[in-house]
file target25.csv (CSV, C-alpha atoms)
chain,number,residue,atom,x,y,z
A,1,MET,CA,-10.8,33.7,12.2
A,2,HIS,CA,-7.6,33.5,10.2
A,3,THR,CA,-5.8,32.0,13.3
A,4,LEU,CA,-8.6,29.5,13.8
A,5,PHE,CA,-8.3,28.2,10.2
A,6,LYS,CA,-4.5,28.0,10.6
A,7,LYS,CA,-5.0,25.6,13.5
A,8,ILE,CA,-7.4,23.3,11.6
A,9,PRO,CA,-5.6,20.9,9.1
A,10,ILE,CA,-6.5,21.7,5.5
A,11,ALA,CA,-7.1,18.0,4.8
A,12,PHE,CA,-9.8,17.9,7.5
A,13,LEU,CA,-11.5,20.9,6.0
A,14,VAL,CA,-11.4,19.3,2.5
A,15,TRP,CA,-13.0,16.1,3.7
A,16,LEU,CA,-15.5,18.0,5.8
A,17,LEU,CA,-16.6,19.8,2.6
A,18,ILE,CA,-16.8,16.5,0.7
A,19,PHE,CA,-19.0,15.0,3.5
A,20,ILE,CA,-21.3,18.1,3.6
A,21,THR,CA,-21.6,18.0,-0.2
A,22,TRP,CA,-22.5,14.3,-0.1
A,23,ILE,CA,-25.2,14.9,2.5
A,24,PHE,CA,-26.6,17.9,0.6
A,25,TYR,CA,-26.7,16.0,-2.7
A,26,THR,CA,-28.5,12.9,-1.2
A,27,GLU,CA,-30.9,14.9,1.0
A,28,CYS,CA,-31.7,17.9,-1.2
A,29,ILE,CA,-30.8,17.3,-4.9
A,30,GLN,CA,-31.3,13.5,-5.4
A,31,PRO,CA,-32.9,12.1,-2.2
A,32,ASP,CA,-34.0,8.9,-4.0
A,33,ALA,CA,-30.8,8.2,-5.9
A,34,VAL,CA,-30.0,4.5,-6.1
A,35,MET,CA,-26.4,4.8,-7.1
A,36,ILE,CA,-25.4,7.3,-4.5
A,37,PRO,CA,-26.7,6.3,-1.1
A,38,SER,CA,-26.8,8.7,1.8
A,39,PRO,CA,-24.2,8.6,4.6
A,40,GLN,CA,-27.0,7.4,6.9
A,41,ILE,CA,-27.7,4.4,4.7
A,42,VAL,CA,-24.0,3.6,4.4
A,43,TRP,CA,-23.6,3.8,8.2
A,44,THR,CA,-26.7,1.5,8.6
A,45,SER,CA,-25.2,-1.0,6.2
A,46,PHE,CA,-21.9,-0.8,8.1
A,47,LEU,CA,-23.6,-1.7,11.4
A,48,GLU,CA,-25.6,-4.5,9.6
A,49,THR,CA,-22.4,-5.9,8.0
A,50,LEU,CA,-20.6,-5.6,11.3
A,51,LYS,CA,-23.3,-7.6,13.0
A,52,ASN,CA,-24.3,-10.2,10.3
A,53,GLY,CA,-21.4,-10.1,7.9
A,54,TYR,CA,-21.7,-10.1,4.1
A,55,GLY,CA,-22.2,-13.2,1.8
A,56,GLY,CA,-22.2,-15.5,4.8
A,57,VAL,CA,-18.8,-14.2,5.9
A,58,SER,CA,-18.2,-11.8,8.8
A,59,LEU,CA,-16.6,-8.4,8.1
A,60,ALA,CA,-13.6,-9.4,10.3
A,61,VAL,CA,-13.0,-12.4,8.1
A,62,HIS,CA,-13.1,-10.3,5.0
A,63,LEU,CA,-10.6,-7.8,6.5
A,64,ARG,CA,-8.4,-10.7,7.7
A,65,SER,CA,-8.4,-12.4,4.3
A,66,SER,CA,-7.3,-9.2,2.6
A,67,PHE,CA,-4.6,-8.1,5.1
A,68,VAL,CA,-3.1,-11.6,5.5
A,69,ARG,CA,-2.6,-11.7,1.7
A,70,LEU,CA,-1.2,-8.2,1.7
A,71,PHE,CA,1.2,-8.4,4.6
A,72,LEU,CA,2.6,-11.8,3.6
A,73,ALA,CA,3.4,-10.4,0.1
A,74,MET,CA,4.9,-7.3,1.6
A,75,VAL,CA,7.1,-9.3,4.0
A,76,LEU,CA,8.3,-11.5,1.2
A,77,ALA,CA,9.0,-8.5,-1.0
A,78,PHE,CA,11.0,-6.7,1.7
A,79,PHE,CA,13.2,-9.7,2.5
A,80,THR,CA,14.0,-10.3,-1.2
A,81,ALA,CA,13.9,-6.9,-2.8
A,82,VAL,CA,16.2,-5.2,-0.3
A,83,PRO,CA,19.1,-7.7,-0.4
A,84,LEU,CA,18.8,-8.0,-4.2
A,85,GLY,CA,18.7,-4.2,-4.5
A,86,PHE,CA,21.8,-3.9,-2.4
A,87,LEU,CA,23.6,-6.6,-4.5
A,88,SER,CA,22.5,-4.9,-7.7
A,89,GLY,CA,23.9,-1.6,-6.4
A,90,TYR,CA,27.3,-3.2,-5.8
A,91,SER,CA,27.5,-5.7,-8.7
A,92,ARG,CA,26.8,-4.8,-12.4
A,93,LEU,CA,26.4,-8.5,-13.1
A,94,VAL,CA,23.6,-9.0,-10.6
A,95,GLN,CA,22.0,-5.7,-11.7
A,96,SER,CA,22.0,-6.7,-15.4
A,97,ILE,CA,20.3,-10.0,-14.5
A,98,VAL,CA,17.7,-8.9,-12.0
A,99,ASP,CA,17.1,-5.4,-13.4
A,100,SER,CA,16.3,-6.8,-16.9
A,101,ILE,CA,13.6,-9.1,-15.4
A,102,VAL,CA,12.1,-6.4,-13.2
A,103,GLN,CA,12.0,-3.8,-16.0
A,104,PHE,CA,10.4,-6.4,-18.3
A,105,TYR,CA,7.4,-7.3,-16.1
A,106,ARG,CA,7.1,-3.9,-14.2
A,107,PRO,CA,5.1,-2.1,-17.0
A,108,ILE,CA,2.8,-5.0,-17.5
A,109,PRO,CA,-0.6,-4.6,-15.7
A,110,PRO,CA,-0.7,-7.3,-13.0
A,111,LEU,CA,-4.0,-8.7,-14.1
A,112,ALA,CA,-2.5,-9.4,-17.5
A,113,TYR,CA,-0.4,-12.3,-16.1
A,114,TYR,CA,-2.7,-13.2,-13.3
A,115,PRO,CA,-4.4,-15.9,-15.4
A,116,LEU,CA,-1.1,-17.6,-15.8
A,117,LEU,CA,-0.5,-17.6,-12.0
A,118,ILE,CA,-3.9,-19.1,-11.5
A,119,LEU,CA,-3.1,-21.9,-14.0
A,120,TRP,CA,0.3,-22.5,-12.4
A,121,LEU,CA,-0.5,-22.0,-8.7
A,122,GLY,CA,-4.3,-22.5,-8.5
A,123,ILE,CA,-7.1,-20.1,-7.7
A,124,ASP,CA,-6.4,-20.1,-3.9
A,125,ASP,CA,-4.3,-17.6,-2.0
A,126,ARG,CA,-0.9,-18.8,-3.5
A,127,SER,CA,-1.6,-17.1,-6.8
A,128,LYS,CA,-2.9,-14.0,-5.1
A,129,ILE,CA,0.1,-13.6,-2.8
A,130,THR,CA,2.5,-14.2,-5.7
A,131,LEU,CA,0.8,-11.5,-7.7
A,132,LEU,CA,0.9,-9.1,-4.8
A,133,TYR,CA,4.6,-10.0,-4.2
A,134,LEU,CA,5.5,-9.2,-7.8
A,135,SER,CA,3.6,-5.9,-7.6
A,136,ALA,CA,5.4,-4.9,-4.4
A,137,PHE,CA,8.8,-6.2,-5.4
A,138,ALA,CA,9.6,-3.9,-8.3
A,139,PRO,CA,9.2,-0.4,-6.7
A,140,LEU,CA,11.0,-1.6,-3.5
A,141,TYR,CA,13.9,-3.1,-5.5
A,142,ILE,CA,14.3,0.1,-7.7
A,143,ALA,CA,14.3,2.2,-4.5
A,144,CYS,CA,17.1,0.1,-3.0
A,145,VAL,CA,19.2,0.3,-6.2
A,146,SER,CA,18.7,4.0,-6.3
A,147,ALA,CA,19.7,4.4,-2.7
A,148,ILE,CA,23.0,2.6,-3.2
A,149,SER,CA,23.7,4.6,-6.4
A,150,ASN,CA,23.0,7.9,-4.7
A,151,MET,CA,25.1,7.2,-1.6
A,152,ARG,CA,28.0,9.4,-0.9
A,153,TYR,CA,31.1,7.2,-1.1
A,154,ASP,CA,33.3,9.8,0.6
A,155,TYR,CA,31.6,8.6,3.8
A,156,ILE,CA,32.8,5.1,3.2
A,157,LEU,CA,36.3,6.3,2.4
A,158,SER,CA,36.4,8.4,5.5
A,159,ALA,CA,35.3,5.5,7.6
A,160,ARG,CA,37.9,3.2,6.1
A,161,SER,CA,40.6,5.7,6.8
A,162,LEU,CA,39.5,5.7,10.5
A,163,GLY,CA,39.8,1.9,10.7
A,164,ALA,CA,36.2,0.9,10.3
A,165,THR,CA,35.5,-2.7,9.3
A,166,SER,CA,33.3,-3.8,6.4
A,167,LYS,CA,30.6,-4.7,8.9
A,168,ASP,CA,30.8,-1.3,10.6
A,169,ILE,CA,30.6,0.4,7.2
A,170,LEU,CA,27.5,-1.7,6.3
A,171,LEU,CA,25.6,-1.2,9.5
A,172,ARG,CA,26.7,2.4,10.4
A,173,ILE,CA,27.0,4.1,7.0
A,174,ILE,CA,25.4,2.2,4.1
A,175,TRP,CA,22.3,1.0,5.9
A,176,PRO,CA,21.4,4.4,7.5
A,177,SER,CA,22.1,6.2,4.3
A,178,CYS,CA,19.8,4.0,2.3
A,179,LEU,CA,16.9,3.7,4.8
A,180,PRO,CA,15.1,7.0,3.7
A,181,GLU,CA,14.8,5.8,0.1
A,182,ILE,CA,14.0,2.2,1.3
A,183,PHE,CA,11.1,3.6,3.3
A,184,THR,CA,9.9,5.6,0.4
A,185,GLY,CA,10.0,2.5,-1.8
A,186,LEU,CA,8.2,0.6,0.9
A,187,ARG,CA,5.3,3.0,1.0
A,188,THR,CA,5.2,3.1,-2.8
A,189,SER,CA,5.2,-0.7,-3.0
A,190,PHE,CA,2.4,-0.9,-0.5
A,191,GLY,CA,0.3,1.3,-2.6
A,192,PHE,CA,0.9,-0.9,-5.7
A,193,ALA,CA,0.2,-4.1,-3.7
A,194,TYR,CA,-3.0,-2.7,-2.1
A,195,SER,CA,-4.5,-1.7,-5.5
A,196,THR,CA,-3.5,-5.1,-6.9
A,197,LEU,CA,-5.0,-6.8,-3.9
A,198,VAL,CA,-8.4,-5.3,-4.7
A,199,ALA,CA,-8.2,-6.3,-8.3
A,200,THR,CA,-7.3,-9.9,-7.5
A,201,GLU,CA,-10.2,-10.3,-5.1
A,202,MET,CA,-12.5,-8.8,-7.7
A,203,THR,CA,-11.3,-11.4,-10.2
A,204,ALA,CA,-11.2,-14.7,-8.3
A,205,ALA,CA,-12.0,-14.9,-4.6
A,206,THR,CA,-14.7,-15.8,-2.1
A,207,SER,CA,-13.7,-13.4,0.7
A,208,GLY,CA,-12.0,-10.0,1.1
A,209,ILE,CA,-13.0,-6.4,0.8
A,210,GLY,CA,-12.5,-6.4,-3.0
A,211,TRP,CA,-14.7,-9.4,-3.4
A,212,MET,CA,-17.4,-7.8,-1.2
A,213,VAL,CA,-17.4,-4.7,-3.5
A,214,MET,CA,-17.5,-6.8,-6.6
A,215,ASP,CA,-20.3,-9.0,-5.4
A,216,ALA,CA,-22.3,-6.0,-4.3
A,217,SER,CA,-22.0,-4.5,-7.7
A,218,ARG,CA,-23.7,-7.5,-9.3
A,219,TYR,CA,-26.8,-6.8,-7.3
A,220,LEU,CA,-26.6,-3.0,-7.4
A,221,LYS,CA,-26.0,-2.7,-3.7
A,222,SER,CA,-24.5,0.8,-3.8
A,223,ASP,CA,-24.4,1.1,0.0
A,224,ILE,CA,-22.1,-2.0,0.2
A,225,ILE,CA,-20.0,-0.6,-2.6
A,226,PHE,CA,-19.6,2.7,-0.9
A,227,LEU,CA,-18.9,0.9,2.4
A,228,GLY,CA,-16.2,-1.3,0.8
A,229,ILE,CA,-14.5,1.7,-0.9
A,230,ILE,CA,-14.5,3.7,2.4
A,231,ILE,CA,-13.0,0.7,4.3
A,232,MET,CA,-10.3,0.3,1.7
A,233,GLY,CA,-9.5,4.0,1.6
A,234,LEU,CA,-9.4,4.3,5.4
A,235,SER,CA,-7.4,1.2,6.0
A,236,GLY,CA,-4.9,2.1,3.3
A,237,LEU,CA,-4.5,5.6,4.8
A,238,ILE,CA,-4.0,4.2,8.3
A,239,ILE,CA,-1.3,1.8,7.1
A,240,ASP,CA,0.4,4.5,5.1
A,241,ARG,CA,0.3,6.9,8.1
A,242,CYS,CA,1.8,4.1,10.3
A,243,LEU,CA,4.7,3.7,7.8
A,244,TYR,CA,5.2,7.4,7.8
A,245,PHE,CA,5.2,7.5,11.6
A,246,LEU,CA,7.9,4.8,11.6
A,247,GLU,CA,9.8,6.6,9.0
A,248,THR,CA,9.9,10.0,10.9
A,249,HIS,CA,10.8,8.4,14.2
A,250,LEU,CA,13.3,5.7,13.0
A,251,ILE,CA,15.0,7.9,10.4
A,252,PHE,CA,15.3,11.0,12.4
A,253,TRP,CA,18.4,12.1,10.4
A,254,LYS,CA,16.4,12.3,7.1
A,255,GLY,CA,16.8,15.7,5.6
A,256,VAL,CA,19.6,16.7,8.0
A,257,HIS,CA,22.8,17.8,6.4
call {"tool": "encode", "arguments": {"input": "target25.csv", "output": "structure tokens"}}
result
Amino acid sequence: MHTLFKKIPIAFLVWLLIFITWIFYTECIQPDAVMIPSPQIVWTSFLETLKNGYGGVSLAVHLRSSFVRLFLAMVLAFFTAVPLGFLSGYSRLVQSIVDSIVQFYRPIPPLAYYPLLILWLGIDDRSKITLLYLSAFAPLYIACVSAISNMRYDYILSARSLGATSKDILLRIIWPSCLPEIFTGLRTSFGFAYSTLVATEMTAATSGIGWMVMDASRYLKSDIIFLGIIIMGLSGLIIDRCLYFLETHLIFWKGVH
């Protein structure tokens, strides 16, 4: 028995216990509970939404709207935060300029300045993508600066003594040394951006998983609320696992000394 439990992932057992508790509560303790629908009801709502959509919009369009906003913001954040993080790690002037701005807006809740973005950019996707970009930029930028600061400069000195060019040092020493922290920052920034995405869609949108949950809450459709939360949780977990998979296979030297 002990060997059997060792082979089964603990996370699987935890979620199995949660699922059993959910079934037991909705079937035995509160079978008529409105706010906590049974798994069967949620599954039926999923099939119905998959077939007919929600709010006149198909489930695929809701997912596409959310993920297009998210991935556009993440791509923009990566291609700006990483170079600026590298420059800030090398130049105190650049760091004092960029870091002061990042540290100013980073503690502010994104929804606090979202109304300004709506006034400046409109209520369409431009304001949403900009807000997601700002949410993703800060943790990725800080991770890059930290990676440069913690890099062992004796590696660079050794490479220079062996005749390595600046390009070789950048591509073969600096970049591989910083990649582990950059991936950590990427996963962190994705979490911030995804939570902000849901908040923006709940505030001003006509499609997306966050909007679907918010609209369902107005009509006390707890089955749709549960469905939206499950979709958001599973999709976020899948994307994070994909990033972790890339990290473990692309950065095979991480943790090796």
call {"tool": "residues_around", "arguments": {"input": "target25.csv", "residues": "segment 244-253 of chain A", "least_positions_apart": "3", "cutoff": "7 Å", "atoms": "all atoms listed in the file", "output": "PyMOL selection string"}}
result
chain A and resi 180+183+240-241+256
call {"tool": "closest_residue", "arguments": {"input": "target25.csv", "among": "A:Ile173, A:Leu76, A:Ile97, A:Cys178", "to": "Ser146 of chain A", "atoms": "only C-alpha atoms"}}
result
A:Cys178
call {"tool": "atom_distance", "arguments": {"input": "target25.csv", "atom1": "atom CA of Leu234 of chain A", "atom2": "atom CA of Ser189 of chain A"}}
result
17.6 Å
call {"tool": "closest_residue", "arguments": {"input": "target25.csv", "among": "A:Leu157, A:Ile224, A:Leu243, A:Ile123", "to": "Leu47 of chain A", "atoms": "only C-alpha atoms"}}
result
A:Ile224
call {"tool": "residues_around", "arguments": {"input": "target25.csv", "residues": "Val75 of chain A", "least_positions_apart": "3", "cutoff": "12 Å", "atoms": "all atoms listed in the file", "output": "compact mmCIF listing (two decimals) with C-alpha atoms, in the frame of the given file"}}
result
# COMPACT_ATOMS: atom_id res chain seq x y z
CA PHE A 67 -4.60 -8.10 5.10
CA VAL A 68 -3.10 -11.60 5.50
CA ARG A 69 -2.60 -11.70 1.70
CA LEU A 70 -1.20 -8.20 1.70
CA PHE A 71 1.20 -8.40 4.60
CA LEU A 72 2.60 -11.80 3.60
CA PHE A 78 11.00 -6.70 1.70
CA PHE A 79 13.20 -9.70 2.50
CA THR A 80 14.00 -10.30 -1.20
CA ALA A 81 13.90 -6.90 -2.80
CA VAL A 82 16.20 -5.20 -0.30
CA ILE A 129 0.10 -13.60 -2.80
CA THR A 130 2.50 -14.20 -5.70
CA LEU A 132 0.90 -9.10 -4.80
CA TYR A 133 4.60 -10.00 -4.20
CA LEU A 134 5.50 -9.20 -7.80
CA ALA A 136 5.40 -4.90 -4.40
CA PHE A 137 8.80 -6.20 -5.40
CA LEU A 140 11.00 -1.60 -3.50
CA LEU A 186 8.20 0.60 0.90
CA SER A 189 5.20 -0.70 -3.00
CA PHE A 190 2.40 -0.90 -0.50
CA ALA A 193 0.20 -4.10 -3.70
call {"tool": "atom_distance", "arguments": {"input": "target25.csv", "atom1": "atom CA of Trp175 of chain A", "atom2": "atom CA of Gly85 of chain A"}}
result
12.2 Å
call {"tool": "closest_residue", "arguments": {"input": "target25.csv", "among": "A:Cys242, A:Pro9, A:Ser222, A:Ser149", "to": "Met35 of chain A", "atoms": "all atoms listed in the file"}}
result
A:Ser222
call {"tool": "residues_around", "arguments": {"input": "target25.csv", "residues": "Gly56 of chain A", "least_positions_apart": "5", "cutoff": "12 Å", "atoms": "all atoms listed in the file", "output": "list in words"}}
result
Thr49, Leu50, Lys51, Val61, His62, Thr206, Ser207 and Met212 of chain A
call {"tool": "closest_residue", "arguments": {"input": "target25.csv", "among": "A:Gly55, A:Trp15, A:Cys28, A:Phe86", "to": "Val213 of chain A", "atoms": "only C-alpha atoms"}}
result
A:Gly55
call {"tool": "residues_around", "arguments": {"input": "target25.csv", "residues": "Gly185 of chain A", "least_positions_apart": "5", "cutoff": "8 Å", "atoms": "all atoms listed in the file", "output": "PyMOL selection string"}}
result
chain A and resi 139-144
call {"tool": "atom_distance", "arguments": {"input": "target25.csv", "atom1": "atom CA of Pro107 of chain A", "atom2": "atom CA of Gly191 of chain A"}}
result
15.6 Å
call {"tool": "residues_near_point", "arguments": {"input": "target25.csv", "point": "(30.1, -0.4, 4.0)", "cutoff": "10 Å", "atoms": "only C-alpha atoms", "output": "ChimeraX atom specification"}}
result
/A:153,155-157,159-160,164-175
